[in-house]
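Enquirer: Below are the structure tokens for one structure; questions will follow.
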Amino acid sequence: MPTPSDSKIKELEKKANNIREDLVKMLIESGSGHSAGPLGQADIFTVFYFHVLKHDPQNPMWPERDRLILDVGHCVPIRYVAMAHAGYFPKKELMTLRKIGSRIEGHPNYLRMPALETTSGPLGEGLSQACGFAMAARMDGTDLDYHIWCIGSDGEQQEGMTWEAAMFAAKYRLSNLTYIIDRNNIQIDGYTEDIMPLEPLREKYEAFGWHVMEMNGHDMREIISTLEESKSIQEKPVLIIANTTPGKGIEFIENRFGWHGVPPGAGPEDVVPKEEQAKRALEELRTLRGRIEAEHD
Amino acid sequence: MKQSMTNYNLAKNYLDEEKTEWKPMRDGAGIGIAELGGEKENVVVLAADTAGSSRAKYFAEKFPARFIQCGVQEQNMVGVSAGLAYQGKVPYAITYAAFLVGRPWEPIRTTIAYPQNHVIFVSSHAGLATGPDGPTHQMTEDISIMRCLPNFTVIAPCDYEQARKAVKAAYDLKGPVYIRNAREKTPVFTTEDSPYEAGKAQVLREGKDITAIGHGYMVYWLLKIAEELKDRISIEVINLHTIKPLDEQAIIESAKKTGRVFTCEDHNVVGGMGSAVAELLSQKYPVPMKLHGVYDIFAESGSVKDLWKKYKLDEEGTKEALLEFLNKSK
């Protein structure tokens, strides 16, 4: 794949910012849901749905589509917004998040929206399922027709089932699988290295037989090149450690674990009082939009 | 009575224990899955380091490209099965009951039951009929924990031949299925020609004084007890091989006829098949009931015959429990 042009990068950055704005509006309307993780994954999801993923929003279950499996179910709001922007469903439906009868539930429900590929929520079960997807593709001889992507979180590395799957993927040399860990260093109760240390994460996966890459999860050019390169690795499953800032784009949310599981309007008040959080969050994103446009012009 | 026995094509001389062949249900299940593999290309088998003793090996030997050895990773085996099912495969995950559905219950709930994935869980080593390995391996809570999961079908075949049929019938069902099999050799009283339909209770012997419902090998005890006591009391024997969904009509009809229901199973009386029948009858046609089985305890190591005797799951113990109930409910 050719190197993306500057205008393409700018387009993706603007798209990611629009997606963040809609994410924040959606979370405010919902009154519940996770902020930090979804904001931190906005750039990665934007790259997937608007550049890397082989997919067709008009034909969501196209047999040759790439499978994007969300291990970390509570980050699904960012996927909903990216999918709505890509044309999977009307953007106005985003305002139904977590409400009765909605297709876009608090955690992904495959039955209501098969394009989500799986149902998830309890942590650390996605990589096993991604392995099953990859094995099926290999049995069918279609493993070169499409790629299996799995997006997980760092907290999920504390689950034993994740490591069972890590062993399995290496045993069966699932090179049609790329696992991306959103390394944002936070979980609900605190910083990962305080709650249950994960480091040295890279060395652990290498010892398990994986090819490990790292990327800055907010640099569009780097995200694209790393994801593309991961598809060309033979004989081994690939892990990409995506270094991200939780809450990216909204300064009073960034890097604060208190924002893991709450929307603007219900977050910690150490910087901004609750009643002003929604307004301030959207203001910051509008400022960011202006900066992106200025930088590239 | 004669008519229904003919209909079910039970083995000749099945009431004569000497002339009855004893074979393990797990063998029937393993052979059935291997036979199915020849007919259906999307069948995939997963094992968790017990391919030999759980009989997944019969399939593995014939179809190595469709066999996945997961090692001692029951949780991962569940997740991989879910992924395969999303892609259109029909996975059969096979190991001992305690590890198959006990260890990874929550991954089964989230990745199989809730999204209605058509994955078939086939166990061996269910119940005290597991024997000397002891309570860690004698799974007596599997029916309770599987029948409370929405979308699941729960099946407990009565013998080798029925296990062989049940694993094939599961292929044509929708959604997830759990099939429980015992490790030990048990009487084979049905035949290759016996009909089998998942979800349909089998009234193997008609009676008018009491309904006796069982699953697994204990159905055989019930048939023998009914024959032995036929001059004193007329016992209707039902093989309730499908515990969920329950064949409500068959159970209610029988309860209406006899007015008393006795259940027995090699499983905890808390939440098992007897509980399922009680849930139904208490709401739709209350009659006196007795739930016989493992009385909410962990047993111990021992030969299967010694365990059956001590915990009253053999023919004699079952008969005692039934007669005691009869005397009390007169």
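Ordering of the structure tokens sets the chain letters (A, B, ...), residue numbers begin anew at 1 in every chain, and ligands are numbered from 1 in the order given.
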Could you work out which residues of chain A fall inside 6 Å of chain B? Count only C-alpha atoms, and format the result as a list in words.

Expert: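 Listed by rising number, the hits are Leu111, Ser128, Gln129, Cys131, Gly132, Phe133, Ala136, Glu164 and Ala165 of chain A.
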
Enquirer: Check segment 71-239 of chain A with DSSP on the backbone and list each residue it calls strand (DSSP E), as a list in words.

Expert: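 Matching residues for strand (DSSP E) in segment 71-239 of chain A are Ile148, Trp149, Cys150, Ile151, Gly152, Ser153, Leu177, Thr178, Tyr179, Ile180, Ile181, Asp182, Arg183, Ile186, Gln187, Gly190, Tyr191, His211, Val212, Met213, Glu214, Met215, Asn216, Val238 and Leu239 of chain A.
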
Enquirer: Can you list, as a PyMOL selection string, all residues belonging to segment 80-259 of chain B that DSSP tags as helix (DSSP H, G or I)?

Expert: chain B and resi 80-86+97-102+105-113+128-130+142-147+160-171+218-228+248-258

Enquirer: Kindly export the residues of the current selection with C-alpha atoms, as a PDB file, in the first residue's frame.

Expert:
```
ATOM      1  CA  VAL B  80     -12.236 -20.496  20.192  1.00  0.00           C
ATOM      2  CA  SER B  81     -15.489 -22.453  19.773  1.00  0.00           C
ATOM      3  CA  ALA B  82     -17.434 -19.192  19.751  1.00  0.00           C
ATOM      4  CA  GLY B  83     -15.144 -17.738  17.070  1.00  0.00           C
ATOM      5  CA  LEU B  84     -15.536 -20.858  14.936  1.00  0.00           C
ATOM      6  CA  ALA B  85     -19.319 -20.750  15.319  1.00  0.00           C
ATOM      7  CA  TYR B  86     -19.485 -17.078  14.275  1.00  0.00           C
ATOM      8  CA  ALA B  97     -18.103 -32.254  32.686  1.00  0.00           C
ATOM      9  CA  ALA B  98     -16.510 -30.421  35.633  1.00  0.00           C
ATOM     10  CA  PHE B  99     -13.936 -28.762  33.374  1.00  0.00           C
ATOM     11  CA  LEU B 100     -16.119 -28.364  30.291  1.00  0.00           C
ATOM     12  CA  VAL B 101     -18.971 -26.371  31.805  1.00  0.00           C
ATOM     13  CA  GLY B 102     -17.894 -25.788  35.406  1.00  0.00           C
ATOM     14  CA  TRP B 105     -19.159 -21.090  32.906  1.00  0.00           C
ATOM     15  CA  GLU B 106     -19.020 -17.317  32.455  1.00  0.00           C
ATOM     16  CA  PRO B 107     -17.268 -17.437  29.049  1.00  0.00           C
ATOM     17  CA  ILE B 108     -19.982 -19.916  28.012  1.00  0.00           C
ATOM     18  CA  ARG B 109     -22.643 -17.508  29.226  1.00  0.00           C
ATOM     19  CA  THR B 110     -21.180 -14.507  27.389  1.00  0.00           C
ATOM     20  CA  THR B 111     -19.708 -15.950  24.208  1.00  0.00           C
ATOM     21  CA  ILE B 112     -22.046 -18.899  23.548  1.00  0.00           C
ATOM     22  CA  ALA B 113     -25.410 -18.659  25.340  1.00  0.00           C
ATOM     23  CA  LEU B 128     -20.881 -40.240  40.682  1.00  0.00           C
ATOM     24  CA  ALA B 129     -20.542 -42.774  37.870  1.00  0.00           C
ATOM     25  CA  THR B 130     -17.130 -41.176  37.416  1.00  0.00           C
ATOM     26  CA  ASP B 142     -23.760 -29.493  35.582  1.00  0.00           C
ATOM     27  CA  ILE B 143     -27.467 -29.725  34.817  1.00  0.00           C
ATOM     28  CA  SER B 144     -28.229 -26.963  37.341  1.00  0.00           C
ATOM     29  CA  ILE B 145     -25.691 -24.546  35.909  1.00  0.00           C
ATOM     30  CA  MET B 146     -26.471 -25.260  32.268  1.00  0.00           C
ATOM     31  CA  ARG B 147     -30.250 -25.280  32.352  1.00  0.00           C
ATOM     32  CA  TYR B 160     -24.474 -45.707  24.756  1.00  0.00           C
ATOM     33  CA  GLU B 161     -26.857 -45.920  21.790  1.00  0.00           C
ATOM     34  CA  GLN B 162     -28.810 -42.856  22.804  1.00  0.00           C
ATOM     35  CA  ALA B 163     -25.609 -40.834  23.330  1.00  0.00           C
ATOM     36  CA  ARG B 164     -24.579 -41.757  19.800  1.00  0.00           C
ATOM     37  CA  LYS B 165     -27.899 -40.460  18.462  1.00  0.00           C
ATOM     38  CA  ALA B 166     -28.050 -37.383  20.689  1.00  0.00           C
ATOM     39  CA  VAL B 167     -24.755 -35.935  19.442  1.00  0.00           C
ATOM     40  CA  LYS B 168     -26.038 -36.209  15.872  1.00  0.00           C
ATOM     41  CA  ALA B 169     -29.461 -34.770  16.724  1.00  0.00           C
ATOM     42  CA  ALA B 170     -27.726 -31.775  18.321  1.00  0.00           C
ATOM     43  CA  TYR B 171     -26.292 -30.785  14.939  1.00  0.00           C
ATOM     44  CA  MET B 218     -30.904 -44.623  36.147  1.00  0.00           C
ATOM     45  CA  VAL B 219     -33.737 -45.011  33.639  1.00  0.00           C
ATOM     46  CA  TYR B 220     -32.640 -48.641  33.403  1.00  0.00           C
ATOM     47  CA  TRP B 221     -33.059 -49.101  37.150  1.00  0.00           C
ATOM     48  CA  LEU B 222     -36.560 -47.652  36.865  1.00  0.00           C
ATOM     49  CA  LEU B 223     -37.510 -50.126  34.143  1.00  0.00           C
ATOM     50  CA  LYS B 224     -36.279 -53.029  36.255  1.00  0.00           C
ATOM     51  CA  ILE B 225     -37.994 -51.765  39.399  1.00  0.00           C
ATOM     52  CA  ALA B 226     -41.250 -51.346  37.476  1.00  0.00           C
ATOM     53  CA  GLU B 227     -41.028 -54.924  36.272  1.00  0.00           C
ATOM     54  CA  GLU B 228     -40.145 -56.283  39.687  1.00  0.00           C
ATOM     55  CA  GLU B 248     -44.205 -30.203  29.484  1.00  0.00           C
ATOM     56  CA  GLN B 249     -47.108 -31.976  27.852  1.00  0.00           C
ATOM     57  CA  ALA B 250     -45.732 -35.468  28.446  1.00  0.00           C
ATOM     58  CA  ILE B 251     -44.949 -34.750  32.101  1.00  0.00           C
ATOM     59  CA  ILE B 252     -48.282 -33.110  32.872  1.00  0.00           C
ATOM     60  CA  GLU B 253     -50.240 -35.871  31.118  1.00  0.00           C
ATOM     61  CA  SER B 254     -48.457 -38.511  33.136  1.00  0.00           C
ATOM     62  CA  ALA B 255     -48.911 -36.607  36.415  1.00  0.00           C
ATOM     63  CA  LYS B 256     -52.631 -36.306  35.680  1.00  0.00           C
ATOM     64  CA  LYS B 257     -52.841 -40.031  35.135  1.00  0.00           C
ATOM     65  CA  THR B 258     -50.855 -41.207  38.172  1.00  0.00           C
TER      66      THR B 258
END
```

Enquirer: Do a neighbour search on Ser230 of chain A at 9 Å with only C-alpha atoms, toss out local chain neighbours closer than 3 positions, and write the hits as a VMD selection string.

Expert: chain A and resid 175 177 to 178 211 213 225 to 227 233 237 to 240

Enquirer: If we count only C-alpha atoms and set the cut-off at 8 Å, which residues sit around Gly216 of chain B, ignoring sequence neighbours fewer than 3 positions away in its own chain? Please answer as a PDB file with N, CA and C atoms, in the first residue's frame.

Expert:
```pdb
ATOM      1  N   ALA B 156     -29.380 -35.358  28.517  1.00  0.00           N
ATOM      2  CA  ALA B 156     -28.676 -36.407  29.272  1.00  0.00           C
ATOM      3  C   ALA B 156     -29.144 -37.759  28.742  1.00  0.00           C
ATOM      4  N   PRO B 157     -28.392 -38.344  27.797  1.00  0.00           N
ATOM      5  CA  PRO B 157     -28.808 -39.605  27.183  1.00  0.00           C
ATOM      6  C   PRO B 157     -28.853 -40.739  28.204  1.00  0.00           C
ATOM      7  N   CYS B 158     -29.638 -41.780  27.896  1.00  0.00           N
ATOM      8  CA  CYS B 158     -29.822 -42.857  28.871  1.00  0.00           C
ATOM      9  C   CYS B 158     -28.799 -43.981  28.713  1.00  0.00           C
ATOM     10  N   ASP B 159     -28.171 -44.070  27.550  1.00  0.00           N
ATOM     11  CA  ASP B 159     -27.172 -45.141  27.361  1.00  0.00           C
ATOM     12  C   ASP B 159     -26.290 -44.856  26.144  1.00  0.00           C
ATOM     13  N   ASN B 181     -22.594 -37.022  29.585  1.00  0.00           N
ATOM     14  CA  ASN B 181     -22.366 -38.463  29.492  1.00  0.00           C
ATOM     15  C   ASN B 181     -21.552 -38.958  30.676  1.00  0.00           C
ATOM     16  N   ALA B 182     -21.824 -40.193  31.036  1.00  0.00           N
ATOM     17  CA  ALA B 182     -21.081 -40.812  32.136  1.00  0.00           C
ATOM     18  C   ALA B 182     -19.843 -41.513  31.591  1.00  0.00           C
ATOM     19  N   VAL B 219     -32.496 -44.603  34.307  1.00  0.00           N
ATOM     20  CA  VAL B 219     -33.737 -45.011  33.639  1.00  0.00           C
ATOM     21  C   VAL B 219     -33.815 -46.544  33.603  1.00  0.00           C
ATOM     22  N   HIS B 241     -34.688 -37.531  28.681  1.00  0.00           N
ATOM     23  CA  HIS B 241     -33.323 -37.292  28.193  1.00  0.00           C
ATOM     24  C   HIS B 241     -33.078 -35.829  27.882  1.00  0.00           C
ATOM     25  N   GLU B 265     -31.898 -39.183  39.648  1.00  0.00           N
ATOM     26  CA  GLU B 265     -30.800 -38.787  38.762  1.00  0.00           C
ATOM     27  C   GLU B 265     -29.474 -38.854  39.501  1.00  0.00           C
ATOM     28  N   ASP B 266     -28.406 -39.093  38.739  1.00  0.00           N
ATOM     29  CA  ASP B 266     -27.051 -39.057  39.280  1.00  0.00           C
ATOM     30  C   ASP B 266     -26.573 -37.610  39.165  1.00  0.00           C
TER      31      ASP B 266
END
```

Enquirer: Got a sec: who's within 8 Å of Glu184 of chain B, counting only C-alpha atoms, leaving out chain neighbours fewer than 5 positions off, as a list in words?

Expert: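 Here the qualifying residues turn out to be Lys23, Pro24, Met25, His125, Ala129, Thr130, Gly131 and Val304 of chain B.
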
Enquirer: Restricted to C-alpha atoms, what would the selected residues look like written as a PDB file, in the first residue's frame?

Expert:
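Output contents, as saved in part-v1.pdb:
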```
ATOM      1  CA  LYS B  23     -20.871 -49.861  27.474  1.00  0.00           C
ATOM      2  CA  PRO B  24     -19.924 -46.260  28.328  1.00  0.00           C
ATOM      3  CA  MET B  25     -22.035 -43.388  27.017  1.00  0.00           C
ATOM      4  CA  HIS B 125     -17.368 -37.959  33.634  1.00  0.00           C
ATOM      5  CA  ALA B 129     -20.542 -42.774  37.870  1.00  0.00           C
ATOM      6  CA  THR B 130     -17.130 -41.176  37.416  1.00  0.00           C
ATOM      7  CA  GLY B 131     -15.838 -43.315  40.278  1.00  0.00           C
ATOM      8  CA  VAL B 304     -18.728 -46.801  40.898  1.00  0.00           C
TER       9      VAL B 304
END
```

Enquirer: In Å, rounded to a single decimal, give me how far atom CA of Thr211 of chain B is from atom CA of Val261 of chain B.

Expert: 4.7 Å

Enquirer: Which neighbours of Tyr8 of chain B fall inside 12 Å, counting only C-alpha atoms, when residues of the same chain fewer than 4 positions from it are skipped, and could you give them as a VMD selection string?

Expert: chain B and resid 1 to 4 12 162 189 to 197 201 to 205 238 to 239

Enquirer: Could the residues in this selection be saved with N, CA and C atoms as a PDB file, in the first residue's frame?

Expert:
```pdb
ATOM      1  N   MET B   1     -48.853 -51.148  27.459  1.00  0.00           N
ATOM      2  CA  MET B   1     -47.440 -51.209  27.819  1.00  0.00           C
ATOM      3  C   MET B   1     -46.612 -51.856  26.704  1.00  0.00           C
ATOM      4  N   LYS B   2     -47.130 -53.004  26.255  1.00  0.00           N
ATOM      5  CA  LYS B   2     -46.421 -53.722  25.211  1.00  0.00           C
ATOM      6  C   LYS B   2     -46.172 -52.846  23.987  1.00  0.00           C
ATOM      7  N   GLN B   3     -47.241 -52.094  23.639  1.00  0.00           N
ATOM      8  CA  GLN B   3     -47.173 -51.277  22.430  1.00  0.00           C
ATOM      9  C   GLN B   3     -46.036 -50.247  22.495  1.00  0.00           C
ATOM     10  N   SER B   4     -45.945 -49.548  23.638  1.00  0.00           N
ATOM     11  CA  SER B   4     -44.919 -48.505  23.704  1.00  0.00           C
ATOM     12  C   SER B   4     -43.518 -49.117  23.746  1.00  0.00           C
ATOM     13  N   LYS B  12     -33.495 -56.753  23.180  1.00  0.00           N
ATOM     14  CA  LYS B  12     -34.119 -58.020  23.566  1.00  0.00           C
ATOM     15  C   LYS B  12     -33.608 -58.396  24.949  1.00  0.00           C
ATOM     16  N   GLN B 162     -28.122 -44.139  22.828  1.00  0.00           N
ATOM     17  CA  GLN B 162     -28.810 -42.856  22.804  1.00  0.00           C
ATOM     18  C   GLN B 162     -27.801 -41.703  22.750  1.00  0.00           C
ATOM     19  N   PHE B 189     -29.697 -50.500  26.908  1.00  0.00           N
ATOM     20  CA  PHE B 189     -31.027 -51.097  26.793  1.00  0.00           C
ATOM     21  C   PHE B 189     -31.822 -50.548  25.617  1.00  0.00           C
ATOM     22  N   THR B 190     -31.299 -49.495  24.957  1.00  0.00           N
ATOM     23  CA  THR B 190     -31.913 -49.091  23.687  1.00  0.00           C
ATOM     24  C   THR B 190     -31.050 -49.694  22.574  1.00  0.00           C
ATOM     25  N   THR B 191     -31.537 -49.615  21.357  1.00  0.00           N
ATOM     26  CA  THR B 191     -30.821 -50.233  20.235  1.00  0.00           C
ATOM     27  C   THR B 191     -30.604 -49.211  19.124  1.00  0.00           C
ATOM     28  N   GLU B 192     -29.863 -49.633  18.140  1.00  0.00           N
ATOM     29  CA  GLU B 192     -29.654 -48.777  16.969  1.00  0.00           C
ATOM     30  C   GLU B 192     -30.980 -48.351  16.348  1.00  0.00           C
ATOM     31  N   ASP B 193     -31.985 -49.225  16.471  1.00  0.00           N
ATOM     32  CA  ASP B 193     -33.281 -48.933  15.860  1.00  0.00           C
ATOM     33  C   ASP B 193     -34.239 -48.170  16.761  1.00  0.00           C
ATOM     34  N   SER B 194     -33.814 -47.861  17.976  1.00  0.00           N
ATOM     35  CA  SER B 194     -34.697 -47.090  18.857  1.00  0.00           C
ATOM     36  C   SER B 194     -34.825 -45.671  18.339  1.00  0.00           C
ATOM     37  N   PRO B 195     -36.054 -45.149  18.291  1.00  0.00           N
ATOM     38  CA  PRO B 195     -36.210 -43.776  17.819  1.00  0.00           C
ATOM     39  C   PRO B 195     -35.624 -42.781  18.824  1.00  0.00           C
ATOM     40  N   TYR B 196     -35.171 -41.653  18.323  1.00  0.00           N
ATOM     41  CA  TYR B 196     -34.711 -40.598  19.228  1.00  0.00           C
ATOM     42  C   TYR B 196     -35.072 -39.231  18.661  1.00  0.00           C
ATOM     43  N   GLU B 197     -35.707 -38.437  19.479  1.00  0.00           N
ATOM     44  CA  GLU B 197     -36.000 -37.066  19.072  1.00  0.00           C
ATOM     45  C   GLU B 197     -35.693 -36.145  20.244  1.00  0.00           C
ATOM     46  N   ALA B 201     -39.897 -36.371  25.475  1.00  0.00           N
ATOM     47  CA  ALA B 201     -39.759 -37.372  26.542  1.00  0.00           C
ATOM     48  C   ALA B 201     -40.217 -38.734  26.038  1.00  0.00           C
ATOM     49  N   GLN B 202     -39.591 -39.780  26.549  1.00  0.00           N
ATOM     50  CA  GLN B 202     -39.949 -41.137  26.125  1.00  0.00           C
ATOM     51  C   GLN B 202     -40.652 -41.875  27.261  1.00  0.00           C
ATOM     52  N   VAL B 203     -41.934 -42.180  27.036  1.00  0.00           N
ATOM     53  CA  VAL B 203     -42.663 -42.992  28.019  1.00  0.00           C
ATOM     54  C   VAL B 203     -42.346 -44.448  27.681  1.00  0.00           C
ATOM     55  N   LEU B 204     -41.345 -44.987  28.359  1.00  0.00           N
ATOM     56  CA  LEU B 204     -40.845 -46.314  27.998  1.00  0.00           C
ATOM     57  C   LEU B 204     -41.750 -47.420  28.537  1.00  0.00           C
ATOM     58  N   ARG B 205     -42.487 -47.109  29.580  1.00  0.00           N
ATOM     59  CA  ARG B 205     -43.402 -48.104  30.160  1.00  0.00           C
ATOM     60  C   ARG B 205     -44.590 -47.353  30.744  1.00  0.00           C
ATOM     61  N   ILE B 238     -40.594 -42.777  32.594  1.00  0.00           N
ATOM     62  CA  ILE B 238     -40.290 -41.786  31.554  1.00  0.00           C
ATOM     63  C   ILE B 238     -38.788 -41.537  31.495  1.00  0.00           C
ATOM     64  N   ASN B 239     -38.244 -41.635  30.300  1.00  0.00           N
ATOM     65  CA  ASN B 239     -36.848 -41.257  30.075  1.00  0.00           C
ATOM     66  C   ASN B 239     -36.834 -39.788  29.659  1.00  0.00           C
TER      67      ASN B 239
END
```

Enquirer: Would you pick out the contacts of Ser301 of chain B at 10 Å or less, using only C-alpha atoms, so that residues sharing its chain but fewer than 6 positions from it are not included, and give the list as an MDAnalysis selection string?

Expert: chainID B and resid 128 130:138 307
